[in-house]
Amino acid sequence: MSGWPALTPANTPQWSRRAVLLSGLMGASLVTPAARAAATAARTRPGAGLRILVAYPPGGVSDLVARALAKAMADPLQAPVVVENRPGASGTLALELLQRSPPDGQTLVFTAAAAVGLLRHAAARRATTSAAAAPLPVQPVAGVMRTPLLLVGTSALAATAFADMVEAARKHPGMLRWATTGEGTTGHTVLQRVSQLAGVRITHVPYKGGGQQLTDALGGHFELLSTNVAPSQLSALRDGRFKALAVGAPRRLPVLPEVPTLAELGYPSANLDSLFGLFAPPGTPAHVVLRLHAWTAQALRSPSIRQSLLDANNQPYEGSAQDFARQVEHETDR
């Protein structure tokens with residue numbers, strides 16, 4: 001990995017240097033599993049450096065959260081944490097890059113669990129097996145936040161209430177356009193479930209991320225938008241550029257107490273939020289996952305990080321690496 005701290009005589013234990021020397025001179029196939037594990041352990045201690053691939057474009061809530069998290073994680077790691085945006089394919093492009101990365105704890109992806117589900121289902125289709133039988137394509141490390149979904153109408157939508165929007169979709173099949181951050185995302189799942197339950201047809205408009213999507217929404221390029229409950233969206237609600245129709249959350253949001261949940265509106269199976277977290281390559285050793293989780297948890301305990309999540313109406317995730325893995329399994333099944 002060009003530009004990243006490498007194992008050197010100064011920072012590598014003697015047994016690890018021997019493993020690296022053997023690997024270089026004799027080929028990786030002749031190095032014992034124990035030697036490779038020792039070299040991995042040396043690379044994943046503080047000082048080794050870390051790269052976080054963000055599965056979304058710059059400027060969105062997810063990107064801002066990932067960068068704040070990276071800054072907070074740099075201190076316990078005693079090394080730089082570099083953030084790279086790798087958007088595309090509903091968040092799965094970054095995960096596919098992660099799958100090809102060495103399981104040494106130096107490369108992570110920040111994305112929604114829904115993207116992991118997409119990748120898992122795609123692998124199951126290729127293997128002609130069920131998704132439930134397929135292993136997770138990447139290794140869950142740490143949950144970061146749960147993000148409620150906000151459904152708004154833009155200036156292109158005449159309706160001002162959810163029921164009126166559904167009636168308009170019923171009268172004009174396919175005329176209403178609903179923008180999301182991509183195929184298979186939480187927003188897309190909500191759209192599909194609302195359409196099925198209401199018996200209407202709404203046109204899906206997928207985007208690669210939230211930045212351009214928000215700009216086009218403010219320009220009235222489509223009628224409906226599922227998005228985050230972030231300051232920009234709240235500002236557009238206050239000045240009338242957006243109309244709040246519903247939220248996907250366990251309960252009404254304190255910042256929008258007058259906006260009903262989708263469950264209240266009669267769509268309980270569409271009442272979904274998004275789980276975001278950090279993921280490592282498949283095969284990452286358990287002790288490396290636990291160390292990365294500990295660094296992430298320490299960063300999330302930072303008052304500034306926690307407050308920034310709450311200010312954007314995200315709920316900070318609290319739980320072990322095992323808890324997060326179970327939640328990801330549940331999300332992919334859902």
# chains A, B, ... in the order shown; residues from 1 in each chain; ligands from 1
$ residues_around --residues "stretch 100-113 of chain A" --least-positions-apart "3" --cutoff "7 Å" --atoms "only C-alpha atoms" --output "PyMOL selection string"
chain A and resi 40+43-44+49-55+66+91+94-97+116-117+274-284+288+328+331
$ write_last_selection --atoms "C-alpha atoms" --output "tab-separated table (two decimals), in the first residue's frame"
chain	number	residue	atom	x	y	z
A	40	THR	CA	-0.35	-9.08	10.77
A	43	ARG	CA	1.03	-4.14	11.40
A	44	THR	CA	-2.18	-3.62	13.37
A	49	GLY	CA	-1.88	3.86	10.06
A	50	LEU	CA	-5.45	3.46	8.83
A	51	ARG	CA	-7.43	4.18	5.67
A	52	ILE	CA	-11.23	4.58	5.74
A	53	LEU	CA	-13.11	4.29	2.45
A	54	VAL	CA	-16.41	6.17	2.57
A	55	ALA	CA	-19.04	4.62	0.31
A	66	ALA	CA	-16.62	9.54	8.81
A	91	GLY	CA	-22.39	1.68	-1.47
A	94	ALA	CA	-16.27	0.54	-1.66
A	95	LEU	CA	-17.09	-2.87	-0.17
A	96	GLU	CA	-15.82	-4.66	-3.27
A	97	LEU	CA	-12.55	-2.75	-2.94
A	116	VAL	CA	-23.54	-5.25	2.89
A	117	GLY	CA	-26.92	-6.90	2.35
A	274	SER	CA	-30.38	2.97	8.51
A	275	LEU	CA	-27.54	1.38	10.47
A	276	PHE	CA	-24.06	2.73	9.63
A	277	GLY	CA	-20.74	1.37	10.73
A	278	LEU	CA	-17.19	0.32	9.94
A	279	PHE	CA	-16.30	-2.91	8.13
A	280	ALA	CA	-13.01	-4.75	7.58
A	281	PRO	CA	-11.97	-7.24	4.87
A	282	PRO	CA	-13.20	-10.81	5.24
A	283	GLY	CA	-10.82	-12.96	7.23
A	284	THR	CA	-9.61	-10.16	9.49
A	288	VAL	CA	-7.67	-7.13	15.14
A	328	VAL	CA	-25.83	-6.45	10.33
A	331	GLU	CA	-30.35	-5.91	8.35
$ residues_around --residues "A:Pro76" --least-positions-apart "2" --cutoff "12 Å" --atoms "only C-alpha atoms" --output "VMD selection string"
chain A and resid 45 to 50 69 to 74 78 to 81 291 to 299 302
$ write_last_selection --atoms "C-alpha atoms" --output "PDB file, in the first residue's frame"
ATOM      1  CA  ARG A  45      -0.695  -2.182  16.526  1.00  0.00           C
ATOM      2  CA  PRO A  46      -0.836   1.625  17.172  1.00  0.00           C
ATOM      3  CA  GLY A  47       1.342   3.482  14.688  1.00  0.00           C
ATOM      4  CA  ALA A  48       0.469   1.319  11.675  1.00  0.00           C
ATOM      5  CA  GLY A  49      -1.885   3.862  10.060  1.00  0.00           C
ATOM      6  CA  LEU A  50      -5.448   3.463   8.829  1.00  0.00           C
ATOM      7  CA  LEU A  69     -14.563   9.878  13.385  1.00  0.00           C
ATOM      8  CA  ALA A  70     -11.228   9.526  11.572  1.00  0.00           C
ATOM      9  CA  LYS A  71      -9.883  12.634  13.292  1.00  0.00           C
ATOM     10  CA  ALA A  72     -10.927  11.314  16.705  1.00  0.00           C
ATOM     11  CA  MET A  73      -9.412   7.873  16.006  1.00  0.00           C
ATOM     12  CA  ALA A  74      -5.997   9.263  15.064  1.00  0.00           C
ATOM     13  CA  GLN A  78      -0.900   7.285  17.199  1.00  0.00           C
ATOM     14  CA  ALA A  79      -0.960   7.499  13.407  1.00  0.00           C
ATOM     15  CA  PRO A  80      -2.794   9.318  10.604  1.00  0.00           C
ATOM     16  CA  VAL A  81      -6.248   8.138   9.543  1.00  0.00           C
ATOM     17  CA  ARG A 291      -8.793  -3.618  18.668  1.00  0.00           C
ATOM     18  CA  LEU A 292     -10.414  -1.615  15.852  1.00  0.00           C
ATOM     19  CA  HIS A 293     -13.747  -1.738  17.690  1.00  0.00           C
ATOM     20  CA  ALA A 294     -12.100  -0.429  20.859  1.00  0.00           C
ATOM     21  CA  TRP A 295     -10.549   2.499  18.965  1.00  0.00           C
ATOM     22  CA  THR A 296     -13.903   3.301  17.338  1.00  0.00           C
ATOM     23  CA  ALA A 297     -15.800   3.078  20.635  1.00  0.00           C
ATOM     24  CA  GLN A 298     -13.273   5.405  22.250  1.00  0.00           C
ATOM     25  CA  ALA A 299     -13.764   7.934  19.446  1.00  0.00           C
ATOM     26  CA  SER A 302     -15.748  11.860  22.544  1.00  0.00           C
TER      27      SER A 302
END
$ select_by_dssp --residues "stretch 125-311 of chain A" --states "alpha helix (DSSP H)" --output "number ranges by chain"
A: 125-126, 162-171, 186-198, 210-218, 231-238, 286-300, 303-311
$ closest_residue --among "A:Val289, A:Ala124, A:Val190, A:Ala161" --to "A:Ala263" --atoms "only C-alpha atoms"
A:Val190
$ atom_distance --atom1 "atom CA of A:Asn313" --atom2 "atom CA of A:Pro58"
19.4 Å
